[in-house]
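To keep things clear, I will list the structure first and then write my remarks on it.
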Amino acid sequence: MKTRPSHQDIPRAQRLAEQAFACIRNLVHREAFSGVVLLLATATALIWANSPYADSYHALWHAPVSFGFGSFGFSQPLHFWINDGLMTLFFLVVGMEIRREIHDGALADLRQASLPIAAACGGVMMPALIYASINHQGAGLNGWAIPAATDIAFAVGLLALLGKGIPSGVRIFLLTLAVIDDVIAVVLIALFYSDGLNYSGFALAGVGALAVLGLQRIGVGLACAYVLPGALMWGGLLLTGAHPTLAGVILGLMTPVICLPTREQPRDAVGRIARELEDDNGTAVASSEAAQSLRELRLAQRELLPPVVRVQLALHPWVTFGLMPLFALANAGVSLGGTDLSSSTSHWVMLGVAIALLVGKPVGVISVSWLMVRLGLCRLPADVSWRGVALIGLLAGIGFTMSIFIANLAFTDANLLAAAKLGVLLGSLVSAMVGLTWGVLYLRGLRTTQAGGRA
């Protein structure tokens with residue numbers, strides 16, 4: 001029987017490469033690192049947009065990108081393809097995350113999810129009310145939903161920076177709240193930030209949805225088979241005037257949460273194929289038989305995980321470390337010197353967004369949570385104290401990705417858009433700093449309590 005090569009038998013260059021790839025894989029799965037990458041992309045955009053090369057920054061995102069076939073052609077700026085095209089993958093991951101949580105996660109048990117759901121609703125309504133009270137007149141009112149969203153990557157990443165001393169209940173509470181925030185943000189985009197609908201586009205989107213259901217019905221598990229139906233849904237929603245990225249959410253919610261039925265259990269198939277690939281002498285079987293066995297092995301390996309998990313795991317590193325930093329790079333480049341805050345509208349838009357994120361989010365989350373517990377409708381999780389709820393509320397004030405996305409939909413005026421983005425950056429930055437400071441004090445209090453209990 002063959003034995004695995006020893007550590008000394010592997011060339012030194014290969015060992016170094018394996019260690020490097022292992023380090024990269026470890027970083028990719030660290031939530032704190034994803035927040036660092038997003039922060040670097042944001043800083044790069046701000047520095048670039050305020051440098052002597054600012055013209056090249058704006059020229060890059062407005063450069064036309066065209067797709068054509070025969071007499072048909074479609075040309076849009078690069079900024080459109082990032083915000084309206086690639087961001088569909090971000091919303092696809094959001095949709096699948098919601099689908100998973102509804103199936104067997106924090107949203108599966110209504111009693112467990114009721115408090116985070118109520119807190120998320122409070123964390124949406126209070127910032128919107130604060131913003132609307134500051135910008136109750138004029139064009140600025142259209143941005144009322146900008147401070148309503150929480151950035152999962154930044155919020156959970158900063159929570160991870162505080163270390164493993166944070167109770168698991170606090171993390172689950174924050175994750176559930178952020179997921180509900182995403183659900184509400186998607187609904188707000190669909191209801192309030194879609195133009196007058198052209199209903200002819202729904203037919204094309206419906207064809208795409210029916211094609212997805214048909215492929216699922218006949219047991220097609222290859223993700224690439226769903227690209228064309230997804231593109232039809234995207235194009236149909238674009239024609240309707242609704243935001244096309246909603247196609248990603250719909251596809252995510254349609255993704256199966258259980259494995260496709262097979263004649264043989266995937267784990268049994270993997271064991272059988274592994275035995276078939278070697279004969280009694282330890283040599284490989286005939287190449288044609290090996291090729292067939294390898295095809296069966298790939299199918300069995302694919303079906304070990306349900307599609308909603310498998311596709312999300314495959315897309316996660318590309319979305320987290322590719323798409324979201326690219327979105328930040330394309331949208332966070334606010335020219336500080338070129339933004340006119342002298343007009344009352346832009347001035348109050350910036351302040352409204354920043355104050356709503358910094359004050360409205362924690363006040364909404366904490367007050368509604370307290371009210372629900374006080375009324376006896378909900379109760380705090382066993383390892384979550386009111387200091388932990390305060391930490392969740394402060395971190396929920398980090399809007400960023402979704403807030404900037406909604407700002408792009410809310411304002412067509414370049415100055416108001418720049419002011420809104422500046423408010424998002426300012427409010428998210430201060431919320432992150434206050435949240436981290438409170439988190440350190442919260443951890444210190446936990447350690448003191450634990451030490452007193454042991455004494």
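Scheme for the structure tokens: letters A, B, ... for chains in order shown; per-chain residue numbers from 1; ligand numbers from 1 in order shown.
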
Excluding region 227-232 of chain A and residues on its chain fewer than 2 positions from it, collect all residues at most 9 Å away from it, counting only C-alpha atoms, and give them as a PyMOL selection string. chain A and resi 204-212+223-225+234-237+247-248+251

Skipping near chain neighbours, those fewer than 2 positions away, what residues fall within 7 Å of region 401-405 of chain A using only C-alpha atoms, listed as a VMD selection string? chain A and resid 146 to 147 149 151 399 407 to 409 421 424

Save out the residues we just selected, C-alpha atoms, as a tab-separated table (two decimals), in the first residue's frame.
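So selection.tsv came out as:
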chain	number	residue	atom	x	y	z
A	146	ILE	CA	-29.68	55.94	3.66
A	147	PRO	CA	-28.88	55.52	7.40
A	149	ALA	CA	-28.82	49.81	6.85
A	151	ASP	CA	-22.81	46.88	6.97
A	399	GLY	CA	-23.78	51.65	7.43
A	407	ALA	CA	-27.45	57.00	-1.58
A	408	ASN	CA	-26.66	56.32	-5.24
A	409	LEU	CA	-30.34	55.54	-5.78
A	421	LYS	CA	-21.54	59.72	1.07
A	424	VAL	CA	-22.06	57.83	5.64

I want to know what sits within 7 Å of Gly333 (chain A), based on only C-alpha atoms, with residues of the same chain fewer than 2 positions away left out; could you give that as a short mmCIF file (atom, residue, chain, number, x, y, z; two decimals) with N, CA, C and O atoms, in the first residue's frame?
data_model
loop_
_atom_site.label_atom_id
_atom_site.label_comp_id
_atom_site.auth_asym_id
_atom_site.auth_seq_id
_atom_site.Cartn_x
_atom_site.Cartn_y
_atom_site.Cartn_z
N ALA A 45 -9.73 55.09 -2.11
CA ALA A 45 -10.65 55.91 -2.90
C ALA A 45 -10.62 57.36 -2.45
O ALA A 45 -10.60 58.29 -3.28
N LEU A 46 -10.63 57.59 -1.13
CA LEU A 46 -10.62 58.97 -0.61
C LEU A 46 -9.32 59.69 -0.97
O LEU A 46 -9.33 60.86 -1.38
N ALA A 49 -9.27 60.34 -4.83
CA ALA A 49 -10.21 61.38 -5.26
C ALA A 49 -9.82 62.77 -4.77
O ALA A 49 -10.34 63.77 -5.29
N LEU A 329 -14.08 51.20 -3.63
CA LEU A 329 -13.13 51.99 -4.42
C LEU A 329 -13.86 52.88 -5.42
O LEU A 329 -13.47 54.02 -5.66
N ALA A 330 -14.96 52.36 -6.01
CA ALA A 330 -15.68 53.11 -7.04
C ALA A 330 -16.64 54.15 -6.46
O ALA A 330 -17.03 55.07 -7.17
N ASN A 331 -17.03 53.99 -5.18
CA ASN A 331 -18.08 54.85 -4.64
C ASN A 331 -17.67 55.71 -3.46
O ASN A 331 -18.36 56.68 -3.14
N SER A 335 -14.77 63.87 -3.13
CA SER A 335 -13.84 64.99 -3.17
C SER A 335 -14.19 65.96 -2.04
O SER A 335 -15.22 66.63 -2.08
#

Which one of A:Ile130, A:Ile47, A:Leu39, A:Ala203 sits closest to Gly352 (chain A) if you count only C-alpha atoms? A:Ile130

If you count only C-alpha atoms, which residues fall within 10 Å of region 59-70 of chain A, apart from same-chain ones fewer than 3 positions away, as an MDAnalysis selection string? chainID A and resid 54:56 73:82 329:331

Grab the residues selected above and save them as a PDB file, in the first residue's frame with N, CA, C and O atoms.
ATOM      1  N   ALA A  54      -7.041  63.186  -9.244  1.00  0.00           N
ATOM      2  CA  ALA A  54      -8.488  63.010  -9.051  1.00  0.00           C
ATOM      3  C   ALA A  54      -9.231  62.855 -10.377  1.00  0.00           C
ATOM      4  O   ALA A  54     -10.207  62.106 -10.461  1.00  0.00           O
ATOM      5  N   ASP A  55      -8.759  63.550 -11.420  1.00  0.00           N
ATOM      6  CA  ASP A  55      -9.436  63.445 -12.722  1.00  0.00           C
ATOM      7  C   ASP A  55      -9.396  62.016 -13.253  1.00  0.00           C
ATOM      8  O   ASP A  55     -10.367  61.537 -13.847  1.00  0.00           O
ATOM      9  N   SER A  56      -8.279  61.327 -13.020  1.00  0.00           N
ATOM     10  CA  SER A  56      -8.177  59.946 -13.499  1.00  0.00           C
ATOM     11  C   SER A  56      -9.115  59.030 -12.731  1.00  0.00           C
ATOM     12  O   SER A  56      -9.633  58.051 -13.286  1.00  0.00           O
ATOM     13  N   GLY A  73     -26.140  46.120 -29.312  1.00  0.00           N
ATOM     14  CA  GLY A  73     -25.065  46.618 -28.472  1.00  0.00           C
ATOM     15  C   GLY A  73     -25.613  47.272 -27.219  1.00  0.00           C
ATOM     16  O   GLY A  73     -26.709  47.852 -27.236  1.00  0.00           O
ATOM     17  N   PHE A  74     -24.864  47.170 -26.146  1.00  0.00           N
ATOM     18  CA  PHE A  74     -25.292  47.761 -24.867  1.00  0.00           C
ATOM     19  C   PHE A  74     -24.060  48.358 -24.221  1.00  0.00           C
ATOM     20  O   PHE A  74     -23.095  47.656 -23.915  1.00  0.00           O
ATOM     21  N   SER A  75     -24.082  49.675 -24.029  1.00  0.00           N
ATOM     22  CA  SER A  75     -22.921  50.383 -23.494  1.00  0.00           C
ATOM     23  C   SER A  75     -23.328  51.194 -22.275  1.00  0.00           C
ATOM     24  O   SER A  75     -24.336  51.915 -22.299  1.00  0.00           O
ATOM     25  N   GLN A  76     -22.545  51.022 -21.196  1.00  0.00           N
ATOM     26  CA  GLN A  76     -22.776  51.758 -19.964  1.00  0.00           C
ATOM     27  C   GLN A  76     -21.425  52.062 -19.324  1.00  0.00           C
ATOM     28  O   GLN A  76     -20.437  51.377 -19.581  1.00  0.00           O
ATOM     29  N   PRO A  77     -21.361  53.094 -18.461  1.00  0.00           N
ATOM     30  CA  PRO A  77     -20.094  53.381 -17.754  1.00  0.00           C
ATOM     31  C   PRO A  77     -19.694  52.219 -16.846  1.00  0.00           C
ATOM     32  O   PRO A  77     -20.539  51.426 -16.408  1.00  0.00           O
ATOM     33  N   LEU A  78     -18.408  52.142 -16.557  1.00  0.00           N
ATOM     34  CA  LEU A  78     -17.902  51.106 -15.660  1.00  0.00           C
ATOM     35  C   LEU A  78     -18.597  51.166 -14.307  1.00  0.00           C
ATOM     36  O   LEU A  78     -18.852  50.126 -13.686  1.00  0.00           O
ATOM     37  N   HIS A  79     -18.915  52.367 -13.849  1.00  0.00           N
ATOM     38  CA  HIS A  79     -19.604  52.546 -12.572  1.00  0.00           C
ATOM     39  C   HIS A  79     -20.945  51.804 -12.563  1.00  0.00           C
ATOM     40  O   HIS A  79     -21.332  51.193 -11.558  1.00  0.00           O
ATOM     41  N   PHE A  80     -21.667  51.832 -13.689  1.00  0.00           N
ATOM     42  CA  PHE A  80     -22.943  51.119 -13.800  1.00  0.00           C
ATOM     43  C   PHE A  80     -22.730  49.618 -13.673  1.00  0.00           C
ATOM     44  O   PHE A  80     -23.497  48.933 -12.962  1.00  0.00           O
ATOM     45  N   TRP A  81     -21.715  49.087 -14.332  1.00  0.00           N
ATOM     46  CA  TRP A  81     -21.501  47.640 -14.314  1.00  0.00           C
ATOM     47  C   TRP A  81     -21.116  47.150 -12.920  1.00  0.00           C
ATOM     48  O   TRP A  81     -21.397  46.006 -12.557  1.00  0.00           O
ATOM     49  N   ILE A  82     -20.478  48.022 -12.135  1.00  0.00           N
ATOM     50  CA  ILE A  82     -20.137  47.641 -10.761  1.00  0.00           C
ATOM     51  C   ILE A  82     -21.377  47.724  -9.873  1.00  0.00           C
ATOM     52  O   ILE A  82     -21.728  46.766  -9.176  1.00  0.00           O
ATOM     53  N   LEU A 329     -14.083  51.199  -3.630  1.00  0.00           N
ATOM     54  CA  LEU A 329     -13.130  51.993  -4.416  1.00  0.00           C
ATOM     55  C   LEU A 329     -13.857  52.879  -5.425  1.00  0.00           C
ATOM     56  O   LEU A 329     -13.467  54.023  -5.663  1.00  0.00           O
ATOM     57  N   ALA A 330     -14.959  52.362  -6.015  1.00  0.00           N
ATOM     58  CA  ALA A 330     -15.681  53.107  -7.042  1.00  0.00           C
ATOM     59  C   ALA A 330     -16.640  54.145  -6.460  1.00  0.00           C
ATOM     60  O   ALA A 330     -17.032  55.074  -7.170  1.00  0.00           O
ATOM     61  N   ASN A 331     -17.026  53.993  -5.177  1.00  0.00           N
ATOM     62  CA  ASN A 331     -18.078  54.848  -4.641  1.00  0.00           C
ATOM     63  C   ASN A 331     -17.668  55.715  -3.461  1.00  0.00           C
ATOM     64  O   ASN A 331     -18.365  56.677  -3.145  1.00  0.00           O
TER      65      ASN A 331
END

Can you tell me, as a PyMOL selection string, which residues in region 157-197 of chain A count as alpha helix (DSSP H) by DSSP? chain A and resi 157-161+168-192

Hey, can you spit out that residue selection with C-alpha atoms as a compact mmCIF listing (two decimals), in the first residue's frame?
# COMPACT_ATOMS: atom_id res chain seq x y z
CA GLY A 157 -15.32 42.38 11.43
CA LEU A 158 -14.93 44.98 14.19
CA LEU A 159 -16.65 42.64 16.64
CA ALA A 160 -14.09 39.98 15.70
CA LEU A 161 -11.29 42.48 16.38
CA SER A 168 -21.38 34.09 21.24
CA GLY A 169 -24.90 35.40 21.91
CA VAL A 170 -23.75 38.96 21.14
CA ARG A 171 -22.33 37.87 17.79
CA ILE A 172 -25.48 35.91 16.88
CA PHE A 173 -27.66 38.87 17.90
CA LEU A 174 -25.61 41.24 15.71
CA LEU A 175 -25.62 38.84 12.74
CA THR A 176 -29.38 38.34 12.96
CA LEU A 177 -29.98 42.08 13.29
CA ALA A 178 -27.75 42.75 10.26
CA VAL A 179 -29.57 40.12 8.17
CA ILE A 180 -32.96 41.65 9.06
CA ASP A 181 -31.50 45.06 8.20
CA ASP A 182 -30.60 43.70 4.76
CA VAL A 183 -34.11 42.33 4.28
CA ILE A 184 -35.64 45.71 5.16
CA ALA A 185 -33.13 47.56 2.95
CA VAL A 186 -34.01 45.32 -0.02
CA VAL A 187 -37.73 46.00 0.55
CA LEU A 188 -37.08 49.75 0.77
CA ILE A 189 -35.10 49.69 -2.49
CA ALA A 190 -37.88 47.75 -4.22
CA LEU A 191 -40.70 49.99 -2.92
CA PHE A 192 -39.21 53.48 -2.81

Neighbours of Thr245 (chain A) within 7 Å (only C-alpha atoms; same-chain residues fewer than 4 positions away dropped), as a compact mmCIF listing (two decimals) with N, CA and C atoms, in the first residue's frame?
# COMPACT_ATOMS: atom_id res chain seq x y z
N ASP A 84 -24.70 48.20 -10.64
CA ASP A 84 -25.94 47.55 -11.09
C ASP A 84 -25.72 46.12 -11.59
N GLY A 85 -24.47 45.81 -11.92
CA GLY A 85 -24.18 44.47 -12.44
C GLY A 85 -23.53 43.58 -11.41
N MET A 87 -22.79 44.06 -8.34
CA MET A 87 -23.41 44.06 -7.00
C MET A 87 -24.58 43.07 -6.92
N THR A 88 -25.04 42.57 -8.07
CA THR A 88 -26.05 41.51 -8.05
C THR A 88 -25.53 40.28 -7.32
N PHE A 91 -25.92 40.85 -3.64
CA PHE A 91 -27.30 40.62 -3.23
C PHE A 91 -27.67 39.15 -3.32
N TRP A 234 -32.26 39.54 -14.43
CA TRP A 234 -31.59 40.83 -14.27
C TRP A 234 -32.03 41.80 -15.36

Using only C-alpha atoms, determine which residues lie at most 9 Å from Ile355 (chain A), disregarding the query and same-chain residues fewer than 4 positions distant; provide the list as a VMD selection string. chain A and resid 127 130 to 131 147 350 to 351 359 to 360 423 427

For the atom pair CA of Ile258 (chain A) and CA of Phe321 (chain A), what is the interatomic distance in Å to one decimal place?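 Those two atoms sit 27.6 Å apart.
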